[in-house]
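Okay, so here's the structure we're looking at.
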Protein chains: 2
Amino acid sequence: MHNYKPYKKDDQHSYALGLFPVIELLEHQPKLVKTVLVSNKIKPSTGLSKINALCSQHKLQIKEVEQSVLTRLSRSENTFAAAVFDKQTASLAVDQSHVVLVNPDDMGNLGTIMRTMVGFNVHDLAIITPAADPFDPKTIRASMGAFFSLRIAQFANFEGYAQAHSHYHQYPFVLDGAQKLAQTTFTTPASLIFGQEGSGLPKTFDTVGTTVTIEQSDQVDSLNLALSVGLALYKQFIS
Amino acid sequence: MHNYKPYKKDDQHSYALGLFPVIELLEHQPKLVKTVLVSNKIKPSTGLSKINALCSQHKLQIKEVEQSVLTRLSRSENTFAAAVFDKQTASLAVDQSHVVLVNPDDMGNLGTIMRTMVGFNVHDLAIITPAADPFDPKTIRASMGAFFSLRIAQFANFEGYAQAHSHYHQYPFVLDGAQKLAQTTFTTPASLIFGQEGSGLPKTFDTVGTTVTIEQSDQVDSLNLALSVGLALYKQFIS
């Protein structure tokens with residue numbers, strides 16, 4: 001009856017693909033779930049038992065499908081479970097620190113950053129568009145399901161974000177900032193702001209809030225974006 | 001005359017693929033270069049001028065080849081330059097800190113770690129095999145050419161590495177270590193030791209040197225390997 005098609009950016013729904021992302025979805029956002037799909041080729045495992053238990057707890061039916069359906073959805077022959085969920089834009093917290101990514105362009109990095117955020121207890125992500133699609137199953141998979149533990153909101157420009165959170169202390173990460181990271185104590189709630197992999201933040205951010213630079217050797221142009229975010233979040237986490 | 005074939009692990013040579021890796025190779029390891037290949041479709045650019053200047057400086061001839069040769073070597077249609085170089089195992093420094101990776105299994109992560117090492121002035125990498133191939137062009141590309149600024153040595157087991165560097169202070173990174181990273185001051189020269197993405201270090205490392213744990217929330221199983229290495233190297237860099 002249903003015809004499951006690979007995800008497209010304009011869809012109202014997306015997919016958690018694979019046992020681990022499906023479990024994370026069922027644990028953190030069960031109300032968004034429309035359908036849980038399991039392959040007719042799936043083998044018994046702890047993961048499958050967990051999916052069964054969670055579906056029973058949330059009164060969700062599991063639908064068995066041909067493996068070919070999941071292979072087509074995920075473009076991988078090693079995906080034995082999937083869940084369809086409603087895409088929903090969240091409201092960000094108004095009293096907890098945010099990560100703000102300005103025009104991130106790589107889904108893998110975006111997912112890695114989501115996982116890192118959960119690792120350091122930051123659960124609010126603002127994305128300034130145009131940007132890699134946070135709802136794309138590739139991003140979700142790279143996040144190892146951390147996607148489902150975050151509130152994520154997209155903004156057409158930084159001003160829109162900043163106006164909605166004008167009481168936040170803004171920290172743009174740039175190459176030649178006013179402070180070094182090791183000497184920075186973030187006043188919360190903080191907006192930790194990062195630019196695109198490669199090009200970094202536009203010059204206009206030099207006059208925004210308190211600019212911060214991560215100490216590094218002069219032998220590389222810049223650090224990897226996901227690492228920069230991780231270093232900043234770790235610094236806040238241990239403070 | 002020459003027949004350039006895609007890299008295989010047992011080859012005595014490997015390839016720098018793409019303008020940036022070729023430049024890094026010519027700048028840091030010109031003596032390893034056997035041949036520099038440039039596509040008949042390449043367009044003038046700052047990168048190409050740099051390659052020309054470096055080849056002239058090191059008296060290396062540039063060989064023009066059909067684009068199809070580079071496409072086949074790199075499995076990408078966007079590779080316009082390449083260089084063949086001799087694989088060489090280095091001797092690690094005996095007075096500077098090392099990163100030691102035990103059985104790393106992902107070339108992308110390995111390359112990212114190489115870039116991070118250069119970013120924090122650590123230039124010696126020990127790899128305990130079996131492991132992802134550090135000489136594979138995919139690893140080199142992921143390192144953005146940082147590969148050519150490192151000394152890299154492979155060891156069949158950790159004992160072999162440890163015996164050769166018995167004066168080093170060993171810091172295995174584990175989930176339940178004796179010290180937290182924020183409270184750790186590395187005594188140099190240090191061996192910063194990390195396990196496989198996912199499974200981490202074997203239990204046997206619990207009694208090696210001083211075990212260190214990176215502070216994190218209890219909401220993720222573990223941090224990404226490249227991030228863990230980055231956090232440790234940053235801590236040493238700013239100390």
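Convention: chains lettered A, B, ... in structure tokens order; per-chain residue numbering from 1; ligands numbered from 1 as shown.
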Per-residue DSSP, stretch 28-141 of chain B, filtered to strand (DSSP E), as a tab-separated table (two decimals) with N, CA and C atoms, in the first residue's frame:
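out-v9.tsv was written with the following content:
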```
chain	number	residue	atom	x	y	z
B	33	VAL	N	59.67	12.17	-4.06
B	33	VAL	CA	58.87	12.27	-5.28
B	33	VAL	C	59.53	11.54	-6.45
B	34	LYS	N	58.78	10.68	-7.11
B	34	LYS	CA	59.28	10.02	-8.31
B	34	LYS	C	58.81	10.73	-9.57
B	35	THR	N	57.52	11.07	-9.60
B	35	THR	CA	56.95	11.69	-10.80
B	35	THR	C	55.84	12.65	-10.42
B	36	VAL	N	55.76	13.77	-11.10
B	36	VAL	CA	54.63	14.69	-10.91
B	36	VAL	C	53.80	14.66	-12.19
B	37	LEU	N	52.53	14.38	-12.04
B	37	LEU	CA	51.63	14.28	-13.19
B	37	LEU	C	50.64	15.44	-13.18
B	38	VAL	N	50.46	16.03	-14.34
B	38	VAL	CA	49.48	17.12	-14.44
B	38	VAL	C	48.59	16.82	-15.63
B	39	SER	N	47.29	17.07	-15.46
B	39	SER	CA	46.32	16.77	-16.50
B	39	SER	C	46.45	17.70	-17.71
B	62	ILE	N	57.80	17.81	-14.81
B	62	ILE	CA	56.35	17.60	-14.73
B	62	ILE	C	55.92	16.88	-16.00
B	63	LYS	N	55.13	15.86	-15.82
B	63	LYS	CA	54.70	15.06	-16.96
B	63	LYS	C	53.22	15.33	-17.23
B	64	GLU	N	52.91	15.75	-18.44
B	64	GLU	CA	51.50	15.99	-18.77
B	64	GLU	C	50.86	14.68	-19.20
B	65	VAL	N	49.71	14.37	-18.63
B	65	VAL	CA	49.00	13.14	-18.99
B	65	VAL	C	47.55	13.45	-19.33
B	81	ALA	N	45.93	16.95	-10.75
B	81	ALA	CA	47.37	16.79	-10.53
B	81	ALA	C	47.60	15.62	-9.58
B	82	ALA	N	48.74	14.99	-9.72
B	82	ALA	CA	49.07	13.86	-8.85
B	82	ALA	C	50.59	13.75	-8.77
B	83	ALA	N	51.07	13.07	-7.75
B	83	ALA	CA	52.50	12.79	-7.69
B	83	ALA	C	52.69	11.39	-7.14
B	84	VAL	N	53.62	10.68	-7.76
B	84	VAL	CA	53.98	9.35	-7.30
B	84	VAL	C	55.13	9.55	-6.29
B	85	PHE	N	55.03	8.90	-5.12
B	85	PHE	CA	56.13	9.02	-4.17
B	85	PHE	C	56.45	7.68	-3.52
B	86	ASP	N	57.70	7.55	-3.10
B	86	ASP	CA	58.15	6.33	-2.43
B	86	ASP	C	57.59	6.26	-1.01
B	98	HIS	N	54.43	11.53	21.11
B	98	HIS	CA	53.85	10.72	20.03
B	98	HIS	C	52.35	10.56	20.21
B	99	VAL	N	51.63	10.44	19.11
B	99	VAL	CA	50.29	9.87	19.15
B	99	VAL	C	50.43	8.40	18.78
B	100	VAL	N	49.82	7.53	19.57
B	100	VAL	CA	49.86	6.09	19.29
B	100	VAL	C	48.42	5.62	19.06
B	101	LEU	N	48.15	5.13	17.86
B	101	LEU	CA	46.80	4.64	17.55
B	101	LEU	C	46.85	3.12	17.48
B	102	VAL	N	46.05	2.49	18.30
B	102	VAL	CA	46.01	1.03	18.34
B	102	VAL	C	44.87	0.54	17.45
B	124	ASP	N	54.73	13.04	15.33
B	124	ASP	CA	55.13	11.63	15.35
B	124	ASP	C	53.93	10.74	15.62
B	125	LEU	N	53.68	9.83	14.70
B	125	LEU	CA	52.50	8.96	14.78
B	125	LEU	C	52.93	7.50	14.73
B	126	ALA	N	52.61	6.76	15.80
B	126	ALA	CA	52.84	5.31	15.81
B	126	ALA	C	51.50	4.63	15.58
B	127	ILE	N	51.48	3.67	14.67
B	127	ILE	CA	50.26	2.93	14.38
B	127	ILE	C	50.50	1.46	14.69
B	128	ILE	N	49.65	0.90	15.56
B	128	ILE	CA	49.75	-0.52	15.86
B	128	ILE	C	48.82	-1.27	14.90
```
Please provide the set of residues having any atom within 12 Å of B:Gly111, restricted to only C-alpha atoms, with same-chain residues fewer than 2 positions apart removed, written as a PyMOL selection string. (chain A and resi 224) or (chain B and resi 21+104-109+113-118+125+132-148+150+225-226)
Convert the current residue selection to file output with C-alpha atoms, as a PDB file, in the first residue's frame.
```pdb
ATOM      1  CA  ASN A 224      38.458  20.910  11.282  1.00  0.00           C
TER       2      ASN A 224
ATOM      3  CA  PRO B  21      48.326  17.182  -1.423  1.00  0.00           C
ATOM      4  CA  PRO B 104      42.568   2.423  13.878  1.00  0.00           C
ATOM      5  CA  ASP B 105      40.198   1.138  11.206  1.00  0.00           C
ATOM      6  CA  ASP B 106      38.994   4.157   9.255  1.00  0.00           C
ATOM      7  CA  MET B 107      41.136   6.008   6.713  1.00  0.00           C
ATOM      8  CA  GLY B 108      39.025   9.166   6.946  1.00  0.00           C
ATOM      9  CA  ASN B 109      39.464   9.379  10.715  1.00  0.00           C
ATOM     10  CA  ILE B 113      43.867  12.877  13.101  1.00  0.00           C
ATOM     11  CA  MET B 114      46.997  13.591  11.027  1.00  0.00           C
ATOM     12  CA  ARG B 115      45.683  17.079  10.229  1.00  0.00           C
ATOM     13  CA  THR B 116      44.875  17.661  13.894  1.00  0.00           C
ATOM     14  CA  MET B 117      48.376  16.550  14.965  1.00  0.00           C
ATOM     15  CA  VAL B 118      49.990  19.147  12.718  1.00  0.00           C
ATOM     16  CA  LEU B 125      52.502   8.962  14.781  1.00  0.00           C
ATOM     17  CA  ALA B 132      43.828   1.374   8.192  1.00  0.00           C
ATOM     18  CA  ASP B 133      46.638   2.071   5.718  1.00  0.00           C
ATOM     19  CA  PRO B 134      48.296   5.434   6.457  1.00  0.00           C
ATOM     20  CA  PHE B 135      49.843   5.477   2.963  1.00  0.00           C
ATOM     21  CA  ASP B 136      46.558   5.065   1.105  1.00  0.00           C
ATOM     22  CA  PRO B 137      45.790   8.125  -1.045  1.00  0.00           C
ATOM     23  CA  LYS B 138      42.381   8.328   0.700  1.00  0.00           C
ATOM     24  CA  THR B 139      44.087   8.762   4.066  1.00  0.00           C
ATOM     25  CA  ILE B 140      46.468  11.332   2.610  1.00  0.00           C
ATOM     26  CA  ARG B 141      43.613  13.257   1.073  1.00  0.00           C
ATOM     27  CA  ALA B 142      41.649  13.235   4.342  1.00  0.00           C
ATOM     28  CA  SER B 143      44.776  14.610   6.044  1.00  0.00           C
ATOM     29  CA  MET B 144      44.733  17.499   3.556  1.00  0.00           C
ATOM     30  CA  GLY B 145      48.389  16.745   2.969  1.00  0.00           C
ATOM     31  CA  ALA B 146      49.354  16.858   6.684  1.00  0.00           C
ATOM     32  CA  PHE B 147      50.569  13.285   6.091  1.00  0.00           C
ATOM     33  CA  PHE B 148      53.731  14.765   4.545  1.00  0.00           C
ATOM     34  CA  LEU B 150      54.569  13.662   9.933  1.00  0.00           C
ATOM     35  CA  LEU B 225      38.070   9.161  18.010  1.00  0.00           C
ATOM     36  CA  ALA B 226      39.394  12.155  16.075  1.00  0.00           C
TER      37      ALA B 226
END
```
For chain A, which residues have at least one atom within 10 Å of chain B, if we go by only C-alpha atoms? Write them as a JSON list (two decimals) with C-alpha atoms, in the first residue's frame, please.
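Contents of out_9.json, as written:
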```json
[["chain", "number", "residue", "atom", "x", "y", "z"],
["A", 112, "THR", "CA", 29.39, 14.60, 13.96],
["A", 113, "ILE", "CA", 28.75, 17.98, 15.59],
["A", 115, "ARG", "CA", 26.92, 13.76, 18.43],
["A", 116, "THR", "CA", 29.55, 15.98, 20.05],
["A", 117, "MET", "CA", 26.88, 18.36, 21.38],
["A", 118, "VAL", "CA", 25.09, 15.53, 23.19],
["A", 119, "GLY", "CA", 28.48, 14.36, 24.49],
["A", 120, "PHE", "CA", 28.94, 17.73, 26.19],
["A", 121, "ASN", "CA", 25.34, 18.34, 27.26],
["A", 122, "VAL", "CA", 24.41, 21.05, 24.79],
["A", 144, "MET", "CA", 24.55, 8.18, 15.44],
["A", 145, "GLY", "CA", 21.01, 9.16, 16.43],
["A", 146, "ALA", "CA", 22.08, 12.15, 18.56],
["A", 149, "SER", "CA", 18.19, 14.35, 21.46],
["A", 181, "LEU", "CA", 39.85, 29.79, 24.07],
["A", 182, "ALA", "CA", 41.95, 28.73, 27.08],
["A", 214, "ILE", "CA", 41.37, 28.42, 19.30],
["A", 215, "GLU", "CA", 45.10, 28.16, 19.87],
["A", 216, "GLN", "CA", 46.86, 26.19, 17.12],
["A", 217, "SER", "CA", 50.15, 25.92, 15.30],
["A", 218, "ASP", "CA", 50.76, 28.07, 12.25],
["A", 219, "GLN", "CA", 51.24, 24.97, 10.12],
["A", 220, "VAL", "CA", 47.60, 24.40, 9.23],
["A", 221, "ASP", "CA", 45.15, 26.92, 7.80],
["A", 222, "SER", "CA", 42.47, 26.10, 10.31],
["A", 223, "LEU", "CA", 41.18, 23.25, 12.42],
["A", 224, "ASN", "CA", 38.46, 20.91, 11.28],
["A", 226, "ALA", "CA", 33.74, 19.50, 14.13],
["A", 227, "LEU", "CA", 36.94, 19.61, 16.19],
["A", 228, "SER", "CA", 36.63, 23.37, 16.76],
["A", 229, "VAL", "CA", 33.07, 22.94, 18.01],
["A", 230, "GLY", "CA", 34.19, 20.03, 20.20],
["A", 231, "LEU", "CA", 37.04, 22.02, 21.79],
["A", 232, "ALA", "CA", 34.69, 24.91, 22.60],
["A", 234, "TYR", "CA", 34.51, 20.71, 26.11],
["A", 235, "LYS", "CA", 35.86, 23.98, 27.55],
["A", 237, "PHE", "CA", 31.54, 21.49, 29.88],
["A", 238, "ILE", "CA", 34.49, 21.32, 32.29],
["A", 239, "SER", "CA", 34.06, 24.92, 33.52]]
```
Could you tell me how far atom CA of B:His123 sits from atom CA of B:Ala93, in Å to one decimal place?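 Calculated distance between atom CA of B:Ala93 and atom CA of B:His123 is 8.4 Å.
One distance worth recording is that between atom CA of A:Ile152 and atom CA of A:Asp176, which is 28.7 Å.
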Using only C-alpha atoms, which protein or nucleic acid residues come within 10 Å of B:Gln88? Drop anything in the same chain fewer than 4 positions from it, and give the result as number ranges by chain. B: 12-13, 32, 135, 151-153
What is the distance, in Å and to one decimal place, between atom CA of A:Lys8 and atom CA of A:Ser76? 16.7 Å
Could you go through stretch 29-159 of chain A and tell me which residues DSSP, when run on the backbone, assigns to helix (DSSP H, G or I), listing them as a count of residues only? 48
Calculated over only C-alpha atoms, which of the candidates B:Gln196, B:Ser97, B:Thr129, B:Thr210 has the smallest distance to B:Gln236? B:Ser97
Find the residues around B:His165 up to 10 Å (only C-alpha atoms counted), leave out those fewer than 2 positions away in its own chain, and share them as a ChimeraX atom specification. /B:92-95,98,159-163,167-170,189-191
With N, CA, C and O atoms retained, write the just-selected residues as a compact mmCIF listing (two decimals), in the first residue's frame.
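So result.txt came out as:
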```txt
# COMPACT_ATOMS: atom_id res chain seq x y z
N LEU B 92 60.60 7.43 14.53
CA LEU B 92 59.93 8.46 15.31
C LEU B 92 60.96 9.25 16.12
O LEU B 92 62.02 8.73 16.47
N ALA B 93 60.63 10.48 16.41
CA ALA B 93 61.48 11.30 17.28
C ALA B 93 61.60 10.62 18.64
O ALA B 93 60.70 9.90 19.06
N VAL B 94 62.74 10.82 19.31
CA VAL B 94 62.93 10.18 20.62
C VAL B 94 62.80 11.19 21.76
O VAL B 94 63.01 10.84 22.92
N ASP B 95 62.43 12.43 21.44
CA ASP B 95 62.32 13.44 22.50
C ASP B 95 61.06 14.28 22.37
O ASP B 95 60.88 15.25 23.10
N HIS B 98 54.43 11.53 21.11
CA HIS B 98 53.85 10.72 20.03
C HIS B 98 52.35 10.56 20.21
O HIS B 98 51.88 10.49 21.34
N GLU B 159 53.74 -3.74 22.43
CA GLU B 159 54.98 -4.02 23.14
C GLU B 159 56.19 -3.59 22.31
O GLU B 159 57.15 -3.03 22.84
N GLY B 160 56.14 -3.86 21.02
CA GLY B 160 57.24 -3.45 20.14
C GLY B 160 57.44 -1.94 20.17
O GLY B 160 58.57 -1.45 20.27
N TYR B 161 56.34 -1.21 20.10
CA TYR B 161 56.44 0.25 20.19
C TYR B 161 57.01 0.67 21.55
O TYR B 161 57.92 1.50 21.64
N ALA B 162 56.44 0.08 22.62
CA ALA B 162 56.79 0.51 23.98
C ALA B 162 58.25 0.24 24.29
O ALA B 162 58.93 1.07 24.92
N GLN B 163 58.75 -0.90 23.84
CA GLN B 163 60.16 -1.22 24.10
C GLN B 163 61.10 -0.24 23.40
O GLN B 163 62.12 0.16 23.95
N HIS B 167 61.47 5.21 27.50
CA HIS B 167 61.59 6.40 28.35
C HIS B 167 60.37 7.31 28.22
O HIS B 167 60.31 8.36 28.83
N TYR B 168 59.38 6.92 27.41
CA TYR B 168 58.19 7.76 27.22
C TYR B 168 57.19 7.54 28.35
O TYR B 168 57.08 6.45 28.90
N HIS B 169 56.47 8.59 28.67
CA HIS B 169 55.40 8.52 29.67
C HIS B 169 54.10 8.17 28.94
O HIS B 169 53.68 8.89 28.05
N GLN B 170 53.50 7.05 29.35
CA GLN B 170 52.38 6.51 28.58
C GLN B 170 51.03 6.94 29.16
O GLN B 170 50.79 6.78 30.35
N PRO B 189 58.73 13.40 27.24
CA PRO B 189 57.92 13.08 26.06
C PRO B 189 56.82 12.09 26.42
O PRO B 189 57.05 11.14 27.17
N ALA B 190 55.63 12.31 25.84
CA ALA B 190 54.47 11.50 26.19
C ALA B 190 54.03 10.64 25.01
O ALA B 190 54.15 11.05 23.85
N SER B 191 53.53 9.46 25.33
CA SER B 191 52.82 8.64 24.34
C SER B 191 51.33 8.77 24.65
O SER B 191 50.88 8.30 25.68
```
